[in-house]
Amino acid sequence: MREWSLWRLPRAVLAYVLGVEAVAVVAVASVVTLTPVTGRHWVWFAVLAGAAVVHFEAARGLERVREVAAEGSPYAHPQSIWLFAGVLVLPPPLLAGLVAVSYGYGWVRIYRRSPLHRKVFSAATVLLACFSAGAILLAVHPDPAPAHAAQLTGPVDLGALVAAGVAYWLVNLALVVGAILLSTPVRPGRDVLGPLSQQLVIAASIGLGTGLAVVLVTAPWVVPVLVVTMLGMHLGLLLPVYRTAARVDGKTGTLTSVAWTERASSELSRSAATGVPMAVLLLDLDHFSDINNTRGHLAGDHALRAVATELRRQVRDGDLVGRWGGEEFVVLLPGTDPADARQVAERIRAAVREPLTDVPGAAVGVDGALRITASLGVAVFPVHGRTVDELLLAADTALYRAKNNGRDRVETAPAGTAG
């Protein structure tokens, strides 16, 4: 039991996670007999649970990539379509069951590499969000027997529905952000919130879930068509994302080497045309094989994801971060001269040295923190090369100099390295 990565969380984070989960358990226990469960409820539960399972299977590959890319910020997936529909049509016990089915099936089929305690915590936050939304609807219509979806008949009900949607979104977001901030207190709150697109996914899912719930109650024979339509629209709209996913490293969420090279070639052409410098950084984690050998591959994967997250934090939005292979990363810095590139590389080196916590795979009695260092090589167009290959060769030469000079350092390629 002690080997479970949950017990290696910092004490404040552990107390917070267990506290949220305890509140969720108490909430379920307190409402288990609040509403009688009828045969119609069981039919609705089966429909929503089945739709959630089909949805996971249809978007399984994409969801793996999206979760990795969202590491360190709230991860929003469209399962909220079925969960918010459950808020509107299911009694609390079955709503809790729907959350359990969604997160349990998702972990088995998609997120198995993620620590189990993260998914248990996520399920608890979503459950509390669902119950908060349901409490608002119950305040407007105290009779819990009919489905809330059948009671949406006027402006007051519309206001209650909007308030319930906001509560669903806000409670879940606040609980997750609280855990992230406790885990990494030095991170700015804006970074923790993640991109706006993640929140738009939740907003759209709440709207679709409302429509599904209304149809489920008023015209159930239309539900199969509506479910297929929702899945088709979702997957159709996400086809461009699937194409993007093929260009993203599934383990770190950074660009693949092929995608990075293509983008770098375009940036280099722009730099050549405008006469603006462009820098390339090549980063290699020191003694990375020791992590896999002593802590296990789960710890190694955790380190790679943490470094990728830190790289994205330390560079600008327009800079390109890619995984070059194994434990190597490559960064493109458009409009950056040698002095500025060296400064960015030193900042990255210092950031990577911060201890990593919540590392899976540590043996009993081993400090849960993981300390790693990185060596970096710097090359700049046009000083060190005029093609992407020449810049990479120059950066690689500087990287090996950093390795030979003791590691955990930055070296800049000498002028004319490639030529």
# chains A, B, ... in the order shown; residues from 1 in each chain; ligands from 1
>>> residues_around(residues="segment 15-32 of chain A", least_positions_apart="5", cutoff="7 Å", atoms="only C-alpha atoms", output="list in words")
Pro92, Pro93, Phe121, Ala124, Leu127 and Leu128 of chain A
>>> write_last_selection(atoms="all heavy atoms", output="CSV table (one decimal), in the first residue's frame")
chain,number,residue,atom,x,y,z
A,92,PRO,N,-29.4,11.0,-7.4
A,92,PRO,CA,-28.0,11.1,-7.0
A,92,PRO,C,-27.2,9.7,-7.0
A,92,PRO,O,-26.1,9.7,-7.4
A,92,PRO,CB,-28.1,11.7,-5.6
A,92,PRO,CG,-29.3,12.6,-5.7
A,92,PRO,CD,-30.3,11.8,-6.5
A,93,PRO,N,-27.8,8.6,-6.5
A,93,PRO,CA,-27.0,7.4,-6.5
A,93,PRO,C,-26.6,6.9,-7.9
A,93,PRO,O,-25.5,6.5,-8.1
A,93,PRO,CB,-28.0,6.4,-5.9
A,93,PRO,CG,-29.0,7.2,-5.1
A,93,PRO,CD,-29.1,8.5,-5.9
A,121,PHE,N,-9.2,11.1,-7.6
A,121,PHE,CA,-9.4,12.5,-7.2
A,121,PHE,C,-10.2,13.3,-8.2
A,121,PHE,O,-11.2,14.0,-7.9
A,121,PHE,CB,-8.1,13.2,-7.0
A,121,PHE,CG,-8.2,14.7,-6.7
A,121,PHE,CD1,-8.6,15.2,-5.5
A,121,PHE,CD2,-7.9,15.7,-7.7
A,121,PHE,CE1,-8.7,16.5,-5.2
A,121,PHE,CE2,-8.0,17.0,-7.4
A,121,PHE,CZ,-8.4,17.4,-6.2
A,124,ALA,N,-13.8,12.4,-7.9
A,124,ALA,CA,-14.4,13.0,-6.7
A,124,ALA,C,-14.7,14.5,-7.0
A,124,ALA,O,-15.8,15.0,-6.6
A,124,ALA,CB,-13.4,12.9,-5.5
A,127,LEU,N,-17.8,14.5,-9.3
A,127,LEU,CA,-19.0,14.1,-8.5
A,127,LEU,C,-19.5,15.3,-7.7
A,127,LEU,O,-20.7,15.6,-7.7
A,127,LEU,CB,-18.6,13.0,-7.6
A,127,LEU,CG,-19.8,12.4,-6.8
A,127,LEU,CD1,-20.9,11.8,-7.7
A,127,LEU,CD2,-19.3,11.3,-5.8
A,128,LEU,N,-18.6,16.0,-7.0
A,128,LEU,CA,-19.0,17.2,-6.2
A,128,LEU,C,-19.5,18.3,-7.1
A,128,LEU,O,-20.5,19.0,-6.7
A,128,LEU,CB,-17.8,17.7,-5.4
A,128,LEU,CG,-17.4,16.7,-4.3
A,128,LEU,CD1,-16.1,17.3,-3.6
A,128,LEU,CD2,-18.5,16.5,-3.2
>>> select_by_dssp(residues="segment 205-398 of chain A", states="helix (DSSP H, G or I)", output="PyMOL selection string")
chain A and resi 205-218+220-237+239-245+257-274+288-295+297-314+338-352+388-398
>>> residues_around(residues="Arg386 of chain A", least_positions_apart="4", cutoff="10 Å", atoms="only C-alpha atoms", output="PDB file with N, CA, C and O atoms, in the first residue's frame")
ATOM      1  N   LEU A 268      13.220  29.089 -40.497  1.00  0.00           N
ATOM      2  CA  LEU A 268      14.540  29.431 -41.009  1.00  0.00           C
ATOM      3  C   LEU A 268      14.433  30.212 -42.311  1.00  0.00           C
ATOM      4  O   LEU A 268      15.175  31.175 -42.541  1.00  0.00           O
ATOM      5  N   SER A 269      13.503  29.825 -43.174  1.00  0.00           N
ATOM      6  CA  SER A 269      13.292  30.572 -44.422  1.00  0.00           C
ATOM      7  C   SER A 269      12.878  32.001 -44.129  1.00  0.00           C
ATOM      8  O   SER A 269      13.335  32.951 -44.794  1.00  0.00           O
ATOM      9  N   ALA A 272      15.951  33.865 -42.878  1.00  0.00           N
ATOM     10  CA  ALA A 272      16.870  34.160 -43.975  1.00  0.00           C
ATOM     11  C   ALA A 272      16.378  35.326 -44.814  1.00  0.00           C
ATOM     12  O   ALA A 272      17.165  36.153 -45.294  1.00  0.00           O
ATOM     13  N   VAL A 380      23.137  29.281 -33.291  1.00  0.00           N
ATOM     14  CA  VAL A 380      22.324  30.403 -33.770  1.00  0.00           C
ATOM     15  C   VAL A 380      22.562  30.636 -35.258  1.00  0.00           C
ATOM     16  O   VAL A 380      23.721  30.610 -35.722  1.00  0.00           O
ATOM     17  N   PHE A 381      21.496  30.826 -35.999  1.00  0.00           N
ATOM     18  CA  PHE A 381      21.564  31.232 -37.400  1.00  0.00           C
ATOM     19  C   PHE A 381      21.818  32.739 -37.475  1.00  0.00           C
ATOM     20  O   PHE A 381      21.189  33.498 -36.727  1.00  0.00           O
ATOM     21  N   PRO A 382      22.714  33.209 -38.335  1.00  0.00           N
ATOM     22  CA  PRO A 382      23.534  32.453 -39.300  1.00  0.00           C
ATOM     23  C   PRO A 382      24.947  32.169 -38.809  1.00  0.00           C
ATOM     24  O   PRO A 382      25.766  31.675 -39.569  1.00  0.00           O
ATOM     25  N   GLU A 390      22.573  21.989 -40.272  1.00  0.00           N
ATOM     26  CA  GLU A 390      23.820  22.579 -39.793  1.00  0.00           C
ATOM     27  C   GLU A 390      23.669  23.125 -38.372  1.00  0.00           C
ATOM     28  O   GLU A 390      24.570  22.971 -37.532  1.00  0.00           O
ATOM     29  N   LEU A 391      22.541  23.751 -38.098  1.00  0.00           N
ATOM     30  CA  LEU A 391      22.312  24.277 -36.749  1.00  0.00           C
ATOM     31  C   LEU A 391      22.202  23.148 -35.730  1.00  0.00           C
ATOM     32  O   LEU A 391      22.732  23.246 -34.617  1.00  0.00           O
ATOM     33  N   ALA A 418      29.593  24.620 -38.237  1.00  0.00           N
ATOM     34  CA  ALA A 418      29.076  23.768 -39.302  1.00  0.00           C
ATOM     35  C   ALA A 418      29.802  23.967 -40.609  1.00  0.00           C
ATOM     36  O   ALA A 418      29.523  23.302 -41.598  1.00  0.00           O
ATOM     37  N   GLY A 419      30.707  24.843 -40.648  1.00  0.00           N
ATOM     38  CA  GLY A 419      31.182  25.056 -41.953  1.00  0.00           C
ATOM     39  C   GLY A 419      32.509  25.326 -42.310  1.00  0.00           C
ATOM     40  O   GLY A 419      32.874  25.337 -43.439  1.00  0.00           O
TER      41      GLY A 419
END
>>> residues_around(residues="Ile291 of chain A", least_positions_apart="2", cutoff="10 Å", atoms="only C-alpha atoms", output="list in words")
Asp286, His287, Phe288, Ser289, Asn293, Thr294, Arg295, Gly296, His297, Leu298, Ala299, Gly300, Asp301, Ala303, Leu370, Arg371 and Ile372 of chain A
>>> write_last_selection(atoms="N, CA and C atoms", output="PDB file, in the first residue's frame")
ATOM      1  N   ASP A 286      20.872  14.427 -18.066  1.00  0.00           N
ATOM      2  CA  ASP A 286      22.086  13.751 -17.616  1.00  0.00           C
ATOM      3  C   ASP A 286      21.751  12.454 -16.885  1.00  0.00           C
ATOM      4  N   HIS A 287      22.495  11.403 -17.232  1.00  0.00           N
ATOM      5  CA  HIS A 287      22.359  10.105 -16.556  1.00  0.00           C
ATOM      6  C   HIS A 287      20.902   9.641 -16.498  1.00  0.00           C
ATOM      7  N   PHE A 288      20.177   9.828 -17.597  1.00  0.00           N
ATOM      8  CA  PHE A 288      18.751   9.503 -17.579  1.00  0.00           C
ATOM      9  C   PHE A 288      18.523   7.999 -17.412  1.00  0.00           C
ATOM     10  N   SER A 289      19.436   7.186 -17.962  1.00  0.00           N
ATOM     11  CA  SER A 289      19.254   5.733 -17.838  1.00  0.00           C
ATOM     12  C   SER A 289      19.256   5.286 -16.381  1.00  0.00           C
ATOM     13  N   ASN A 293      16.702   2.722 -14.499  1.00  0.00           N
ATOM     14  CA  ASN A 293      17.254   1.518 -13.876  1.00  0.00           C
ATOM     15  C   ASN A 293      16.970   1.442 -12.386  1.00  0.00           C
ATOM     16  N   THR A 294      16.966   2.596 -11.711  1.00  0.00           N
ATOM     17  CA  THR A 294      16.800   2.591 -10.250  1.00  0.00           C
ATOM     18  C   THR A 294      15.384   2.908  -9.806  1.00  0.00           C
ATOM     19  N   ARG A 295      14.665   3.705 -10.573  1.00  0.00           N
ATOM     20  CA  ARG A 295      13.311   4.121 -10.166  1.00  0.00           C
ATOM     21  C   ARG A 295      12.221   3.501 -11.037  1.00  0.00           C
ATOM     22  N   GLY A 296      12.600   2.968 -12.206  1.00  0.00           N
ATOM     23  CA  GLY A 296      11.610   2.369 -13.085  1.00  0.00           C
ATOM     24  C   GLY A 296      11.218   3.303 -14.221  1.00  0.00           C
ATOM     25  N   HIS A 297      10.613   2.716 -15.249  1.00  0.00           N
ATOM     26  CA  HIS A 297      10.257   3.503 -16.431  1.00  0.00           C
ATOM     27  C   HIS A 297       9.118   4.483 -16.164  1.00  0.00           C
ATOM     28  N   LEU A 298       8.253   4.195 -15.201  1.00  0.00           N
ATOM     29  CA  LEU A 298       7.209   5.158 -14.861  1.00  0.00           C
ATOM     30  C   LEU A 298       7.824   6.454 -14.349  1.00  0.00           C
ATOM     31  N   ALA A 299       8.864   6.324 -13.531  1.00  0.00           N
ATOM     32  CA  ALA A 299       9.558   7.516 -13.042  1.00  0.00           C
ATOM     33  C   ALA A 299      10.235   8.244 -14.194  1.00  0.00           C
ATOM     34  N   GLY A 300      10.816   7.480 -15.129  1.00  0.00           N
ATOM     35  CA  GLY A 300      11.437   8.108 -16.294  1.00  0.00           C
ATOM     36  C   GLY A 300      10.427   8.869 -17.136  1.00  0.00           C
ATOM     37  N   ASP A 301       9.263   8.264 -17.348  1.00  0.00           N
ATOM     38  CA  ASP A 301       8.212   8.958 -18.110  1.00  0.00           C
ATOM     39  C   ASP A 301       7.770  10.221 -17.385  1.00  0.00           C
ATOM     40  N   ALA A 303       9.570  12.064 -15.439  1.00  0.00           N
ATOM     41  CA  ALA A 303      10.623  13.075 -15.611  1.00  0.00           C
ATOM     42  C   ALA A 303      10.536  13.717 -16.986  1.00  0.00           C
ATOM     43  N   LEU A 370      12.537  13.535  -7.101  1.00  0.00           N
ATOM     44  CA  LEU A 370      13.490  13.110  -8.116  1.00  0.00           C
ATOM     45  C   LEU A 370      14.271  14.323  -8.571  1.00  0.00           C
ATOM     46  N   ARG A 371      15.586  14.223  -8.509  1.00  0.00           N
ATOM     47  CA  ARG A 371      16.443  15.342  -8.882  1.00  0.00           C
ATOM     48  C   ARG A 371      17.206  14.990 -10.148  1.00  0.00           C
ATOM     49  N   ILE A 372      17.035  15.809 -11.169  1.00  0.00           N
ATOM     50  CA  ILE A 372      17.693  15.565 -12.441  1.00  0.00           C
ATOM     51  C   ILE A 372      18.389  16.841 -12.898  1.00  0.00           C
TER      52      ILE A 372
END
>>> residues_around(residues="Ala350 of chain A", least_positions_apart="5", cutoff="12 Å", atoms="only C-alpha atoms", output="list in words")
Val307, Glu310, Leu311, Gln314, Gln343, Val344, Ala345, Pro355, Arg371, Ile372, Thr373, Ala374, Ser375, Leu376, Asp408, Arg409 and Val410 of chain A
>>> write_last_selection(atoms="C-alpha atoms", output="PDB file, in the first residue's frame")
ATOM      1  CA  VAL A 307      10.848  18.533 -18.343  1.00  0.00           C
ATOM      2  CA  GLU A 310       9.025  23.157 -17.822  1.00  0.00           C
ATOM      3  CA  LEU A 311      10.383  23.809 -21.308  1.00  0.00           C
ATOM      4  CA  GLN A 314      10.301  28.835 -19.925  1.00  0.00           C
ATOM      5  CA  GLN A 343      20.339  33.292 -21.257  1.00  0.00           C
ATOM      6  CA  VAL A 344      17.242  31.224 -22.123  1.00  0.00           C
ATOM      7  CA  ALA A 345      19.292  28.017 -22.002  1.00  0.00           C
ATOM      8  CA  PRO A 355      13.218  18.518  -7.548  1.00  0.00           C
ATOM      9  CA  ARG A 371      16.443  15.342  -8.882  1.00  0.00           C
ATOM     10  CA  ILE A 372      17.693  15.565 -12.441  1.00  0.00           C
ATOM     11  CA  THR A 373      20.034  17.819 -14.389  1.00  0.00           C
ATOM     12  CA  ALA A 374      20.370  18.687 -18.057  1.00  0.00           C
ATOM     13  CA  SER A 375      23.128  19.675 -20.442  1.00  0.00           C
ATOM     14  CA  LEU A 376      22.356  22.080 -23.288  1.00  0.00           C
ATOM     15  CA  ASP A 408      24.601  20.281 -15.901  1.00  0.00           C
ATOM     16  CA  ARG A 409      25.904  23.171 -17.976  1.00  0.00           C
ATOM     17  CA  VAL A 410      25.293  25.189 -21.157  1.00  0.00           C
TER      18      VAL A 410
END
>>> residues_around(residues="segment 207-209 of chain A", least_positions_apart="6", cutoff="9 Å", atoms="only C-alpha atoms", output="ChimeraX atom specification")
/A:80-86,88,165,230
>>> residues_around(residues="Arg312 of chain A", least_positions_apart="2", cutoff="12 Å", atoms="only C-alpha atoms", output="ChimeraX atom specification")
/A:69-72,191,252-255,305-310,314-323,329-333,344,348,351-352
